[in-house]
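Asks: Enclosed is the structure file structure-v1.txt (compact mmCIF, C-alpha atoms).
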```txt
# COMPACT_ATOMS: atom_id res chain seq x y z
CA MET A 1 58.15 6.81 84.71
CA MET A 2 55.78 6.30 81.79
CA MET A 3 55.63 10.07 81.32
CA THR A 4 59.37 10.45 81.01
CA LYS A 5 59.47 7.66 78.48
CA THR A 6 56.85 9.21 76.26
CA VAL A 7 58.47 12.61 76.38
CA LEU A 8 61.84 11.08 75.60
CA ALA A 9 60.47 9.10 72.69
CA ALA A 10 58.87 12.19 71.23
CA ALA A 11 62.06 14.17 71.69
CA CYS A 12 64.03 11.44 69.93
CA LEU A 13 61.68 11.65 66.98
CA GLY A 14 62.31 15.35 66.86
CA VAL A 15 58.58 15.97 66.74
CA PHE A 16 58.58 18.28 69.70
CA ALA A 17 55.34 19.86 68.67
CA LEU A 18 53.52 16.65 69.56
CA THR A 19 54.35 17.07 73.22
CA VAL A 20 52.39 20.29 73.44
CA HIS A 21 49.26 18.96 71.74
CA ALA A 22 46.28 19.79 73.84
CA GLU A 23 44.63 17.12 75.91
CA GLU A 24 42.00 15.04 74.22
CA GLY A 25 38.61 15.92 75.68
CA ALA A 26 39.55 19.35 77.05
CA LYS A 27 36.50 21.53 77.61
CA LEU A 28 35.96 25.15 76.75
CA ILE A 29 34.18 26.63 79.75
CA ILE A 30 34.00 30.40 80.10
CA ASP A 31 32.32 32.00 83.10
CA GLY A 32 30.76 28.68 84.03
CA GLU A 33 29.23 28.22 80.59
CA GLU A 34 30.39 25.30 78.45
CA LEU A 35 30.72 26.07 74.74
CA THR A 36 30.06 23.49 72.03
CA ILE A 37 33.43 22.75 70.43
CA ARG A 38 32.44 19.53 68.65
CA ALA A 39 29.19 18.77 66.88
CA SER A 40 28.05 16.30 64.29
CA ALA A 41 28.62 17.74 60.85
CA PRO A 42 25.65 19.24 59.02
CA ALA A 43 24.47 17.24 55.99
CA HIS A 44 25.86 19.87 53.60
CA ALA A 45 29.42 19.26 54.86
CA GLU A 46 29.28 15.88 53.19
CA ASN A 47 32.94 14.87 53.52
CA ILE A 48 33.29 15.14 57.29
CA ASP A 49 31.50 13.47 60.20
CA GLU A 50 32.22 15.97 62.90
CA VAL A 51 32.86 19.69 63.02
CA SER A 52 35.35 20.99 65.56
CA SER A 53 36.49 24.34 66.85
CA GLY A 54 39.99 25.60 66.11
CA TRP A 55 40.44 25.97 69.89
CA ILE A 56 40.85 22.18 70.18
CA TYR A 57 44.03 22.24 68.09
CA ARG A 58 45.86 24.97 69.96
CA SER A 59 48.44 24.42 72.69
CA LYS A 60 47.34 24.27 76.31
CA GLU A 61 48.87 27.70 76.93
CA THR A 62 46.98 29.32 74.07
CA GLN A 63 43.77 27.52 75.02
CA SER A 64 43.92 28.76 78.58
CA LEU A 65 43.95 32.40 77.46
CA GLN A 66 40.42 31.94 76.17
CA LEU A 67 39.05 30.43 79.38
CA ASP A 68 38.86 33.70 81.28
CA ASP A 69 37.94 37.08 79.84
CA PHE A 70 40.51 38.72 82.14
CA ASP A 71 43.27 36.65 80.51
CA ASN A 72 41.89 37.00 76.99
CA PRO A 73 43.87 39.83 75.33
CA ALA A 74 40.99 40.43 72.89
CA PHE A 75 39.03 42.15 75.64
CA VAL A 76 41.34 45.15 75.56
CA PHE A 77 39.86 45.78 72.11
CA VAL A 78 36.33 44.92 73.14
CA ASP A 79 36.68 47.61 75.81
CA GLN A 80 37.78 50.10 73.18
CA ALA A 81 34.63 49.31 71.21
CA ILE A 82 32.52 49.92 74.32
CA ASP A 83 33.97 53.46 74.38
CA GLU A 84 33.42 53.85 70.64
CA TRP A 85 29.79 52.80 71.08
CA ASP A 86 28.97 56.08 72.83
CA LYS A 87 31.17 58.31 70.68
CA VAL A 88 29.45 60.79 68.38
CA ASP A 89 30.86 60.74 64.87
CA GLY A 90 29.80 62.07 61.45
CA SER A 91 27.53 64.79 60.09
CA GLU A 92 24.38 63.63 61.90
CA GLY A 93 25.79 64.08 65.40
CA LYS A 94 25.04 60.51 66.35
CA ALA A 95 26.74 57.62 68.15
CA CYS A 96 25.77 53.92 67.96
CA SER A 97 24.04 54.44 71.29
CA SER A 98 21.81 57.17 69.80
CA CYS A 99 19.87 54.49 67.92
CA HIS A 100 20.65 51.25 69.80
CA GLU A 101 19.64 51.17 73.44
CA SER A 102 22.13 48.45 74.38
CA VAL A 103 24.70 46.40 72.52
CA GLU A 104 23.24 43.39 74.33
CA ASP A 105 20.25 43.66 72.01
CA PHE A 106 22.51 42.18 69.35
CA ALA A 107 22.56 38.79 71.07
CA GLY A 108 22.03 36.19 68.35
CA LEU A 109 22.95 38.41 65.41
CA ARG A 110 26.40 36.92 64.90
CA THR A 111 24.98 33.38 64.57
CA THR A 112 23.09 34.28 61.39
CA LEU A 113 25.79 36.18 59.49
CA PRO A 114 26.59 36.55 56.70
CA ARG A 115 23.01 36.73 55.40
CA VAL A 116 21.24 38.00 52.31
CA ASP A 117 19.52 41.41 52.55
CA ASP A 118 17.71 42.66 49.44
CA GLY A 119 19.59 40.28 47.18
CA LYS A 120 23.00 41.20 48.59
CA LEU A 121 25.18 39.07 50.82
CA VAL A 122 26.06 41.10 53.93
CA SER A 123 28.59 40.48 56.67
CA LEU A 124 28.64 42.12 60.10
CA GLU A 125 31.19 44.61 58.75
CA ASN A 126 28.68 45.76 56.11
CA LEU A 127 25.97 46.27 58.73
CA VAL A 128 28.31 48.35 60.90
CA ASN A 129 29.38 50.49 57.95
CA GLU A 130 25.79 50.92 56.79
CA CYS A 131 25.01 52.55 60.13
CA ARG A 132 28.10 54.69 59.90
CA THR A 133 27.58 55.99 56.38
CA GLU A 134 23.78 56.09 56.11
CA ARG A 135 22.64 56.92 59.63
CA MET A 136 25.59 58.73 61.17
CA GLY A 137 27.00 60.44 58.09
CA ALA A 138 30.42 59.13 59.11
CA GLU A 139 33.28 57.58 57.16
CA PRO A 140 33.12 53.80 56.74
CA TRP A 141 35.68 51.79 58.69
CA LYS A 142 38.21 49.63 56.84
CA TRP A 143 37.24 45.93 56.80
CA SER A 144 40.08 44.57 58.90
CA LYS A 145 41.33 47.65 60.75
CA GLY A 146 41.22 48.12 64.52
CA LYS A 147 37.97 50.07 64.93
CA MET A 148 36.04 47.59 62.82
CA THR A 149 37.45 44.40 64.38
CA SER A 150 36.93 45.82 67.88
CA MET A 151 33.28 46.61 67.10
CA THR A 152 32.60 43.24 65.44
CA ALA A 153 34.17 41.58 68.49
CA LEU A 154 31.92 43.57 70.85
CA ILE A 155 28.80 42.75 68.81
CA GLY A 156 29.93 39.15 68.27
CA VAL A 157 30.56 38.39 71.93
CA GLN A 158 26.87 39.11 72.66
CA SER A 159 26.18 35.81 70.85
CA ARG A 160 28.93 33.83 72.57
CA GLY A 161 27.74 30.32 73.37
CA MET A 162 24.90 30.39 70.84
CA PRO A 163 25.08 27.94 67.93
CA VAL A 164 26.11 29.14 64.48
CA ASN A 165 23.03 28.97 62.30
CA VAL A 166 23.36 30.66 58.90
CA ALA A 167 20.79 30.31 56.12
CA ILE A 168 22.12 28.59 53.01
CA ASP A 169 18.95 28.07 50.99
CA GLY A 170 16.64 30.43 49.09
CA ASP A 171 18.36 33.73 48.28
CA ALA A 172 21.54 32.53 49.94
CA ALA A 173 21.94 29.44 47.75
CA PRO A 174 23.87 30.99 44.84
CA PHE A 175 26.31 32.68 47.25
CA TRP A 176 26.77 29.44 49.15
CA ASP A 177 27.42 27.52 45.91
CA LYS A 178 30.07 30.04 44.94
CA GLY A 179 31.72 29.80 48.36
CA LYS A 180 31.76 26.04 48.12
CA GLU A 181 33.38 26.18 44.71
CA LEU A 182 36.10 28.51 46.03
CA TYR A 183 36.70 26.21 49.00
CA TYR A 184 37.53 23.31 46.70
CA THR A 185 39.46 25.24 44.02
CA ARG A 186 43.23 24.83 43.98
CA VAL A 187 45.10 28.11 43.75
CA GLY A 188 48.61 29.51 43.82
CA GLN A 189 52.00 28.11 42.99
CA LEU A 190 51.54 25.47 45.72
CA ASP A 191 48.31 24.53 43.97
CA MET A 192 46.18 23.81 47.02
CA ALA A 193 42.56 24.33 47.96
CA CYS A 194 41.30 25.18 51.45
CA SER A 195 39.98 21.61 51.57
CA ASN A 196 43.45 20.09 51.09
CA CYS A 197 44.54 21.40 54.47
CA HIS A 198 41.35 21.96 56.46
CA GLU A 199 39.22 19.02 55.32
CA ASP A 200 41.68 16.32 54.19
CA ASN A 201 44.38 16.96 56.77
CA TYR A 202 42.96 18.62 59.87
CA ASP A 203 44.38 17.29 63.13
CA THR A 204 47.81 16.70 61.61
CA MET A 205 50.96 18.77 61.97
CA ILE A 206 52.11 20.86 59.03
CA ARG A 207 55.58 21.79 60.20
CA ALA A 208 54.97 23.67 63.50
CA ASP A 209 51.22 24.14 62.96
CA HIS A 210 48.50 21.80 64.14
CA LEU A 211 45.93 22.00 61.34
CA SER A 212 42.35 22.74 62.35
CA GLN A 213 39.21 22.66 60.22
CA GLY A 214 39.58 26.38 59.52
CA GLN A 215 36.30 27.21 61.24
CA ILE A 216 35.26 30.85 61.64
CA ASN A 217 33.00 30.64 64.70
CA GLY A 218 35.64 32.44 66.80
CA PHE A 219 36.21 35.52 64.61
CA PRO A 220 37.37 38.16 64.96
CA THR A 221 40.16 36.28 66.64
CA TYR A 222 43.07 37.58 68.70
CA ARG A 223 46.34 36.16 67.36
CA LEU A 224 49.47 36.01 69.46
CA LYS A 225 51.41 36.26 66.21
CA ASN A 226 50.34 39.86 65.53
CA ALA A 227 48.87 40.84 68.91
CA LYS A 228 45.61 42.17 67.51
CA LEU A 229 42.15 41.16 66.41
CA ASN A 230 41.95 39.58 62.96
CA SER A 231 38.93 39.40 60.69
CA SER A 232 38.05 36.14 58.96
CA HIS A 233 38.79 37.75 55.59
CA ALA A 234 42.30 38.69 56.78
CA ARG A 235 42.83 35.04 57.71
CA PHE A 236 41.64 33.87 54.28
CA LYS A 237 44.07 36.34 52.76
CA GLY A 238 46.91 34.97 54.89
CA CYS A 239 46.19 31.37 53.94
CA MET A 240 46.06 32.28 50.25
CA SER A 241 49.38 34.14 50.41
CA ASN A 242 50.93 31.16 52.17
CA ILE A 243 50.09 28.94 49.23
CA ARG A 244 51.50 31.68 47.00
CA ALA A 245 48.13 32.66 45.58
CA GLU A 246 46.95 36.18 44.83
CA PRO A 247 44.32 36.76 47.56
CA TYR A 248 40.88 38.09 46.79
CA LYS A 249 39.90 41.47 48.22
CA GLU A 250 38.82 41.71 51.86
CA GLY A 251 35.11 42.51 51.84
CA GLY A 252 34.84 41.48 48.19
CA PRO A 253 32.29 39.03 46.77
CA GLU A 254 34.62 36.01 46.75
CA PHE A 255 35.61 36.25 50.42
CA GLN A 256 32.02 36.99 51.43
CA ALA A 257 30.85 33.86 49.63
CA LEU A 258 33.66 31.90 51.28
CA GLU A 259 32.65 33.36 54.65
CA LEU A 260 29.08 32.12 54.19
CA TYR A 261 30.22 28.67 53.12
CA LEU A 262 32.68 28.34 56.02
CA ALA A 263 30.12 29.62 58.53
CA SER A 264 27.76 26.91 57.30
CA ARG A 265 30.43 24.25 57.81
CA GLY A 266 30.51 25.28 61.46
CA GLN A 267 26.75 24.95 61.90
CA GLY A 268 26.12 23.82 65.48
CA LEU A 269 29.41 25.03 66.96
CA SER A 270 29.10 27.83 69.53
CA VAL A 271 30.03 31.34 68.60
CA GLU A 272 33.39 31.78 70.36
CA THR A 273 34.04 35.41 69.54
CA PRO A 274 36.57 36.71 70.48
CA SER A 275 38.74 33.59 70.32
CA VAL A 276 42.50 33.37 70.91
CA ARG A 277 44.85 31.65 68.47
CA ASN A 278 48.57 31.64 67.80
CA MET B 1 63.33 43.19 3.61
CA GLN B 2 66.58 41.85 2.30
CA CYS B 3 68.49 43.51 5.02
CA LEU B 4 66.20 42.10 7.69
CA GLY B 5 66.51 38.62 6.22
CA GLY B 6 70.25 38.88 6.38
CA ARG B 7 70.12 39.89 10.00
CA MET B 8 67.81 37.08 10.90
CA LYS B 9 70.20 34.59 9.46
CA LEU B 10 73.09 36.04 11.32
CA PHE B 11 71.11 35.94 14.51
CA SER B 12 70.15 32.31 14.13
CA ILE B 13 73.71 31.31 13.42
CA THR B 14 74.86 33.06 16.56
CA ALA B 15 72.10 31.31 18.48
CA VAL B 16 73.19 27.91 17.21
CA VAL B 17 76.80 28.56 18.08
CA ALA B 18 75.81 29.77 21.54
CA GLY B 19 73.66 26.69 21.94
CA LEU B 20 76.52 24.38 21.00
CA LEU B 21 78.83 26.11 23.41
CA ALA B 22 76.29 25.85 26.17
CA SER B 23 75.64 22.14 25.72
CA ALA B 24 79.35 21.49 25.80
CA ALA B 25 80.07 23.46 28.97
CA PHE B 26 76.84 23.59 31.02
CA ALA B 27 73.78 22.17 29.30
CA GLU B 28 70.53 24.14 29.55
CA PRO B 29 68.25 22.41 32.03
CA VAL B 30 65.20 20.65 30.60
CA ALA B 31 62.36 23.19 30.62
CA PRO B 32 59.48 22.29 32.97
CA SER B 33 57.00 22.05 30.10
CA VAL B 34 59.00 19.40 28.22
CA VAL B 35 59.95 17.10 31.11
CA LYS B 36 59.02 13.60 29.99
CA TYR B 37 56.86 11.67 32.45
CA GLU B 38 56.19 7.98 31.87
CA ASP B 39 53.68 6.77 34.44
CA GLY B 40 54.95 9.51 36.72
CA VAL B 41 58.60 8.52 36.24
CA VAL B 42 61.26 10.92 34.90
CA MET B 43 64.22 8.89 33.68
CA ALA B 44 66.54 11.62 32.38
CA SER B 45 68.36 14.05 34.64
CA LEU B 46 66.92 17.56 34.39
CA THR B 47 70.40 19.10 34.14
CA GLY B 48 72.96 16.45 33.23
CA VAL B 49 74.87 17.52 36.32
CA ALA B 50 74.99 15.03 39.20
CA GLY B 51 72.88 16.07 42.17
CA ASP B 52 74.59 17.27 45.35
CA PRO B 53 73.05 15.46 48.33
CA VAL B 54 74.46 17.97 50.82
CA ASN B 55 72.68 20.86 49.17
CA GLY B 56 69.65 18.60 48.66
CA ARG B 57 69.42 18.11 52.41
CA ASN B 58 69.33 21.87 52.81
CA VAL B 59 66.65 22.29 50.16
CA PHE B 60 64.61 19.63 51.98
CA LYS B 61 64.42 21.55 55.24
CA ASN B 62 64.63 25.17 54.04
CA ARG B 63 61.25 26.85 54.43
CA LYS B 64 61.83 29.06 51.40
CA GLN B 65 62.95 26.19 49.14
CA GLY B 66 61.55 22.66 49.34
CA ASN B 67 60.11 22.94 52.85
CA CYS B 68 59.57 19.19 52.49
CA LEU B 69 59.85 18.90 56.27
CA ALA B 70 56.55 20.77 56.51
CA CYS B 71 54.81 17.56 55.49
CA HIS B 72 57.27 14.69 55.98
CA VAL B 73 58.83 13.30 59.16
CA ASN B 74 62.50 12.73 58.35
CA ALA B 75 64.42 10.53 60.81
CA GLU B 76 67.68 11.57 59.20
CA MET B 77 67.39 15.14 60.53
CA LEU B 78 66.20 14.75 64.09
CA GLU B 79 68.04 17.88 65.14
CA GLU B 80 65.38 19.87 63.27
CA SER B 81 62.24 20.49 65.30
CA PHE B 82 58.76 20.42 63.78
CA HIS B 83 58.48 17.60 61.29
CA GLY B 84 55.12 17.66 59.55
CA GLU B 85 52.81 14.64 59.37
CA VAL B 86 50.82 15.31 56.21
CA GLY B 87 52.76 12.88 53.97
CA PRO B 88 54.60 9.57 54.53
CA GLU B 89 57.79 9.40 56.61
CA MET B 90 60.98 9.64 54.56
CA ALA B 91 62.91 6.80 56.23
CA GLY B 92 63.73 4.15 53.62
CA VAL B 93 62.31 6.15 50.75
CA ALA B 94 65.26 5.11 48.54
CA ASP B 95 64.38 1.44 49.11
CA ARG B 96 60.82 2.05 47.99
CA TRP B 97 61.41 4.23 44.94
CA SER B 98 63.94 4.27 42.08
CA VAL B 99 65.80 7.42 41.13
CA GLY B 100 63.49 8.04 38.15
CA GLU B 101 60.45 7.65 40.36
CA LEU B 102 61.86 10.04 42.96
CA ARG B 103 62.64 12.61 40.26
CA GLY B 104 59.08 12.31 38.97
CA ILE B 105 57.58 12.61 42.47
CA VAL B 106 59.55 15.76 43.28
CA SER B 107 59.11 17.39 39.85
CA ASN B 108 55.36 16.83 39.69
CA SER B 109 53.91 14.38 42.19
CA LYS B 110 50.47 14.67 40.60
CA MET B 111 51.76 12.49 37.78
CA MET B 112 52.30 9.69 40.33
CA PHE B 113 49.69 10.41 43.01
CA GLU B 114 46.45 11.66 41.55
CA GLY B 115 44.91 14.54 43.51
CA THR B 116 47.77 14.77 45.99
CA ILE B 117 48.28 17.80 48.23
CA MET B 118 52.02 17.66 47.52
CA PRO B 119 53.07 20.63 45.37
CA ALA B 120 54.78 20.15 42.00
CA PHE B 121 58.28 21.53 42.50
CA TYR B 122 59.23 21.72 38.83
CA ARG B 123 56.25 23.13 37.03
CA ASP B 124 55.79 26.73 35.91
CA THR B 125 52.38 26.91 34.25
CA GLY B 126 48.79 25.92 34.82
CA PHE B 127 48.37 27.62 38.20
CA ASP B 128 45.27 29.58 39.15
CA ARG B 129 46.02 33.04 40.63
CA PRO B 130 49.72 32.58 41.40
CA LEU B 131 51.21 35.53 43.30
CA GLU B 132 52.88 37.77 40.79
CA LYS B 133 56.38 37.20 42.10
CA PHE B 134 56.01 33.43 41.58
CA SER B 135 54.13 33.62 38.31
CA GLY B 136 55.74 31.63 35.50
CA LYS B 137 58.32 30.25 37.93
CA THR B 138 59.03 26.83 39.36
CA ILE B 139 59.30 26.34 43.15
CA LEU B 140 62.74 24.74 42.79
CA THR B 141 65.35 25.09 40.05
CA ALA B 142 66.20 22.03 37.96
CA GLN B 143 69.46 21.62 39.85
CA GLN B 144 67.74 21.91 43.23
CA VAL B 145 65.42 19.08 42.13
CA GLU B 146 68.44 16.97 41.18
CA ASP B 147 70.05 17.80 44.53
CA VAL B 148 66.95 16.77 46.52
CA VAL B 149 66.67 13.58 44.50
CA ALA B 150 70.34 12.81 45.23
CA TYR B 151 69.65 13.41 48.93
CA LEU B 152 66.53 11.19 48.92
CA GLN B 153 68.64 8.40 47.40
CA THR B 154 70.70 8.36 50.61
CA LEU B 155 67.63 7.61 52.75
CA LYS B 156 67.97 3.82 52.97
CA GLU B 157 66.82 1.65 55.83
```
I need this file expressed as C-alpha cells, please.

Replies:
Amino acid sequence: MMMTKTVLAAACLGVFALTVHAEEGAKLIIDGEELTIRASAPAHAENIDEVSSGWIYRSKETQSLQLDDFDNPAFVFVDQAIDEWDKVDGSEGKACSSCHESVEDFAGLRTTLPRVDDGKLVSLENLVNECRTERMGAEPWKWSKGKMTSMTALIGVQSRGMPVNVAIDGDAAPFWDKGKELYYTRVGQLDMACSNCHEDNYDTMIRADHLSQGQINGFPTYRLKNAKLNSSHARFKGCMSNIRAEPYKEGGPEFQALELYLASRGQGLSVETPSVRN
Amino acid sequence: MQCLGGRMKLFSITAVVAGLLASAAFAEPVAPSVVKYEDGVVMASLTGVAGDPVNGRNVFKNRKQGNCLACHVNAEMLEESFHGEVGPEMAGVADRWSVGELRGIVSNSKMMFEGTIMPAFYRDTGFDRPLEKFSGKTILTAQQVEDVVAYLQTLKE
C-alpha cells in the first residue's frame, strides 16, 4: 500500500526518474569481493566530506551489469585485448607477451596513474604506446580508439578492488595544480566548471541524469549510450561539448592534468575498471 | 578623398533612414552588451514586443533552447518527464519575483545570484572557449527571453 502511494506521488510530480534511483546502501560486490564505493574525502578535496563512485548514482539495471563479469559488456573488449596481448606487431617482431610474462604482473599499476616519469606526466595510454613505438616498432594506438581502450581495460582490471593512490606532491605538484585550476574554471557558452555539476550538485537530477561526482576510478568505462569502452579523456570532451565549450585535445596536457587531479579526488575508492554506465 | 566623403555621408543618411523605419515597424532588440541591470533587475523589455507565453512554455522545456526543465521542477508541465532538481521549483515564481526581476534572472542570473550555476541566456561575450558555432551568440534571442518571461509570469500559486 505504502509502495503504491509513493510511486503514485512521484508519477504525479512527473519526476519519473526518481523512482529508478538506486537503493541507498547498495553494495558493489564482484566475484565475492566488495569494492569501496564510498570513502572519506582526502584532505586535498577540501570542499567535500565523502568521495563516492559513479556506480552509486546509476539505475539498478545499469548497476547490476557491473556485478558479474559475464553480464558486463566491457569484457567482450577485455577479451579482445587478451588476444592482442599475444599478437606480434611492428618492425621488431614482438608482442606484449614477448616482454611481459603475464598481464597479471600489472596489478597495482592503474592505482598510481597518471604519474610523473622524467618530468613528464604519463597516463596508461602513454605507457602502452611507449611499448608499441619504442620496443615493438609498431604504430601508436589512438588515445580513445578500440584497441587502446580494450588494452587499458585489460591492464586496469588487474588492479580492480585496489584503492586509487596517485602521487600529487613533488614532481607531480605543478601538474596537479593545473588540473585543479581547470576543474574550477568556467568554460563554454553555458559558463560552467566541472565543479558546478560534480562538486556543488552531485546526487541531484539534471533533467534525466543523476549527477555523480565525476570520478574516474572506473575508466575505461562501458557506456550503454555508445556500446563501447570510453576513455576518461573522451568523457571530459563530452562534458565540455555539453556545456558548449571547445574541448581540449585527448591525450593533451590539459586533459592529462585534469586526469591527475580527478584521480586524486577519488583517492581511497577502489579501482572499478571496467565499469558500466549509461 | 572628396568622393569618399560624399559616399560616407550618403551611407550614414541611408542608415539613419533605415534605423527610423526599423524603430517604427519592428524595433531592433536591445543588444546583450547594453542591457541595463539595476541590482540584477532589467526593467525595459528587450524587444518592445509583448512576450508570447505559449512560445515561452516551449522555450522552457526545449532541450535546444532554454532547457530550463533540466534544472527546475515545473508543476505546470507534469506531462513532461525528467524535471531537474538543480535549481528551485518554478511553482509560484511569479508571486516571488516581479517582471523586471524575472527578465534580469533569465537574461543574466549572475547579476542577481552571485556565482550561480544557471547560465546567462542573453549574453554573447566574456565566455572562455565557447564552441565556435556558439561564439559571439546568445543562448536565447531577445524575443525568446521575453516569451519565457511572459510564461514565468503565469506561474502563480

Asks: Can you tell me how far atom CA of Asp203 of chain A sits from atom CA of Met118 of chain B, in Å to one decimal?

Replies: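 That distance, rounded to one decimal, is 17.4 Å.
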
Asks: Enumerate, as a ChimeraX atom specification, the protein, DNA and RNA residues whose atoms approach (19.8, 26.9, 53.1) to within 12 Å, taking into account all atoms listed in the file and the coordinate frame of the file.

Replies: /A:42-44,112,115-116,165-177,260-261,263-265,267

Asks: Which distance in Å separates atom CA of Leu113 of chain A and atom CA of Lys27 of chain A, to one decimal?

Replies: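 Atom CA of Lys27 of chain A lies at a distance of 25.6 Å from atom CA of Leu113 of chain A.
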
Asks: With 10 Å as the limit and counting only C-alpha atoms, what residues in chain A lie close to chain B? Please list them as a PyMOL selection string.

Replies: chain A and resi 11-18+185-193+195-197+200-211+240-248

Asks: Record the distance separating atom CA of Arg160 of chain A and atom CA of Glu272 of chain A, expressed in Å with one decimal.

Replies: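 Distance reported for this atom pair: 5.4 Å.
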
Asks: Could you give me, as JSON lines, a per-residue list for segment 21-64 of chain B showing, wherever an atom lies at most 12 Å from an atom of segment 99-106 of chain B, the closest pair of atoms and their distance in Å to one decimal, using only C-alpha atoms and sorting by chain then residue number from low to high?

Replies:
```
{"residue": "B:Pro32", "atom": "CA", "partner": "B:Gly104", "partner_atom": "CA", "distance": 11.7}
{"residue": "B:Val35", "atom": "CA", "partner": "B:Gly104", "partner_atom": "CA", "distance": 9.2}
{"residue": "B:Lys36", "atom": "CA", "partner": "B:Gly104", "partner_atom": "CA", "distance": 9.1}
{"residue": "B:Tyr37", "atom": "CA", "partner": "B:Gly104", "partner_atom": "CA", "distance": 6.9}
{"residue": "B:Glu38", "atom": "CA", "partner": "B:Gly104", "partner_atom": "CA", "distance": 8.8}
{"residue": "B:Asp39", "atom": "CA", "partner": "B:Gly104", "partner_atom": "CA", "distance": 9.0}
{"residue": "B:Gly40", "atom": "CA", "partner": "B:Gly104", "partner_atom": "CA", "distance": 5.5}
{"residue": "B:Val41", "atom": "CA", "partner": "B:Glu101", "partner_atom": "CA", "distance": 4.6}
{"residue": "B:Val42", "atom": "CA", "partner": "B:Gly104", "partner_atom": "CA", "distance": 4.8}
{"residue": "B:Met43", "atom": "CA", "partner": "B:Gly100", "partner_atom": "CA", "distance": 4.6}
{"residue": "B:Ala44", "atom": "CA", "partner": "B:Gly100", "partner_atom": "CA", "distance": 7.4}
{"residue": "B:Ser45", "atom": "CA", "partner": "B:Arg103", "partner_atom": "CA", "distance": 8.1}
{"residue": "B:Leu46", "atom": "CA", "partner": "B:Arg103", "partner_atom": "CA", "distance": 8.8}
{"residue": "B:Thr47", "atom": "CA", "partner": "B:Arg103", "partner_atom": "CA", "distance": 11.8}
{"residue": "B:Gly51", "atom": "CA", "partner": "B:Arg103", "partner_atom": "CA", "distance": 11.0}
{"residue": "B:Gly56", "atom": "CA", "partner": "B:Val106", "partner_atom": "CA", "distance": 11.8}
{"residue": "B:Val59", "atom": "CA", "partner": "B:Val106", "partner_atom": "CA", "distance": 11.8}
{"residue": "B:Phe60", "atom": "CA", "partner": "B:Val106", "partner_atom": "CA", "distance": 10.8}
```

Asks: Kindly save the residues from that selection, with C-alpha atoms included, as a PDB file, keeping the file's coordinate frame.

Replies:
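Generated file (result-v4.pdb):
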```pdb
ATOM      1  CA  PRO B  32      59.480  22.290  32.970  1.00  0.00           C
ATOM      2  CA  VAL B  35      59.950  17.100  31.110  1.00  0.00           C
ATOM      3  CA  LYS B  36      59.020  13.600  29.990  1.00  0.00           C
ATOM      4  CA  TYR B  37      56.860  11.670  32.450  1.00  0.00           C
ATOM      5  CA  GLU B  38      56.190   7.980  31.870  1.00  0.00           C
ATOM      6  CA  ASP B  39      53.680   6.770  34.440  1.00  0.00           C
ATOM      7  CA  GLY B  40      54.950   9.510  36.720  1.00  0.00           C
ATOM      8  CA  VAL B  41      58.600   8.520  36.240  1.00  0.00           C
ATOM      9  CA  VAL B  42      61.260  10.920  34.900  1.00  0.00           C
ATOM     10  CA  MET B  43      64.220   8.890  33.680  1.00  0.00           C
ATOM     11  CA  ALA B  44      66.540  11.620  32.380  1.00  0.00           C
ATOM     12  CA  SER B  45      68.360  14.050  34.640  1.00  0.00           C
ATOM     13  CA  LEU B  46      66.920  17.560  34.390  1.00  0.00           C
ATOM     14  CA  THR B  47      70.400  19.100  34.140  1.00  0.00           C
ATOM     15  CA  GLY B  51      72.880  16.070  42.170  1.00  0.00           C
ATOM     16  CA  GLY B  56      69.650  18.600  48.660  1.00  0.00           C
ATOM     17  CA  VAL B  59      66.650  22.290  50.160  1.00  0.00           C
ATOM     18  CA  PHE B  60      64.610  19.630  51.980  1.00  0.00           C
TER      19      PHE B  60
END
```

Asks: For each of A:Glu130, A:Glu125, A:Glu199, A:Glu92, take the minimum atom-to-atom distance to Ser231 of chain A, counting all atoms listed in the file, then give the residue where this is smallest.

Replies: A:Glu125

Asks: Of the candidates A:Gly179, A:Gly90, A:Asn72, A:Ala257, which shows the shortest atom-to-atom distance to Glu134 of chain A, using all atoms listed in the file?

Replies: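 With all atoms listed in the file as the atom set, the closest residue is A:Gly90.
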
Asks: Provide an axis-aligned box for all listed atoms of segment 147-158 of chain A, padding each side by 8 Å; report its centre and its edge lengths in Å to one decimal, as JSON.

Replies:
```
{"center_x": 32.4, "center_y": 44.2, "center_z": 67.7, "size_x": 27.1, "size_y": 27.7, "size_z": 25.8}
```

Asks: What's around Ser144 of chain A at 12 Å? Count only C-alpha atoms, leave out sequence neighbours fewer than 6 positions away in its own chain, and write the answer as a list in words.

Replies: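 Once the nearby chain positions are removed, what remains is Leu124, Glu125, Asn126, Ser150, Met151, Thr152, Ala153, Phe219, Pro220, Thr221, Lys228, Leu229, Asn230, Ser231, Ser232, His233, Ala234, Arg235, Phe236, Lys237, Lys249, Glu250 and Gly251 of chain A.
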
Asks: Model the absent atoms of segment 82-86 of chain A so that N, CA, C and O atoms are present, and write the result as a compact mmCIF listing (two decimals), in the frame of the given file.

Replies:
```txt
# COMPACT_ATOMS: atom_id res chain seq x y z
N ILE A 82 33.55 49.43 73.39
CA ILE A 82 32.52 49.92 74.32
C ILE A 82 32.59 51.46 74.40
O ILE A 82 31.56 52.14 74.41
N ASP A 83 33.81 52.00 74.39
CA ASP A 83 33.97 53.46 74.38
C ASP A 83 33.46 54.04 73.06
O ASP A 83 32.78 55.07 73.04
N GLU A 84 33.81 53.39 71.98
CA GLU A 84 33.42 53.85 70.64
C GLU A 84 31.89 53.89 70.50
O GLU A 84 31.35 54.74 69.79
N TRP A 85 31.25 52.95 71.13
CA TRP A 85 29.79 52.80 71.08
C TRP A 85 29.06 54.11 71.42
O TRP A 85 28.03 54.44 70.84
N ASP A 86 29.61 54.84 72.36
CA ASP A 86 28.97 56.08 72.83
C ASP A 86 29.54 57.33 72.16
O ASP A 86 29.12 58.44 72.47
```
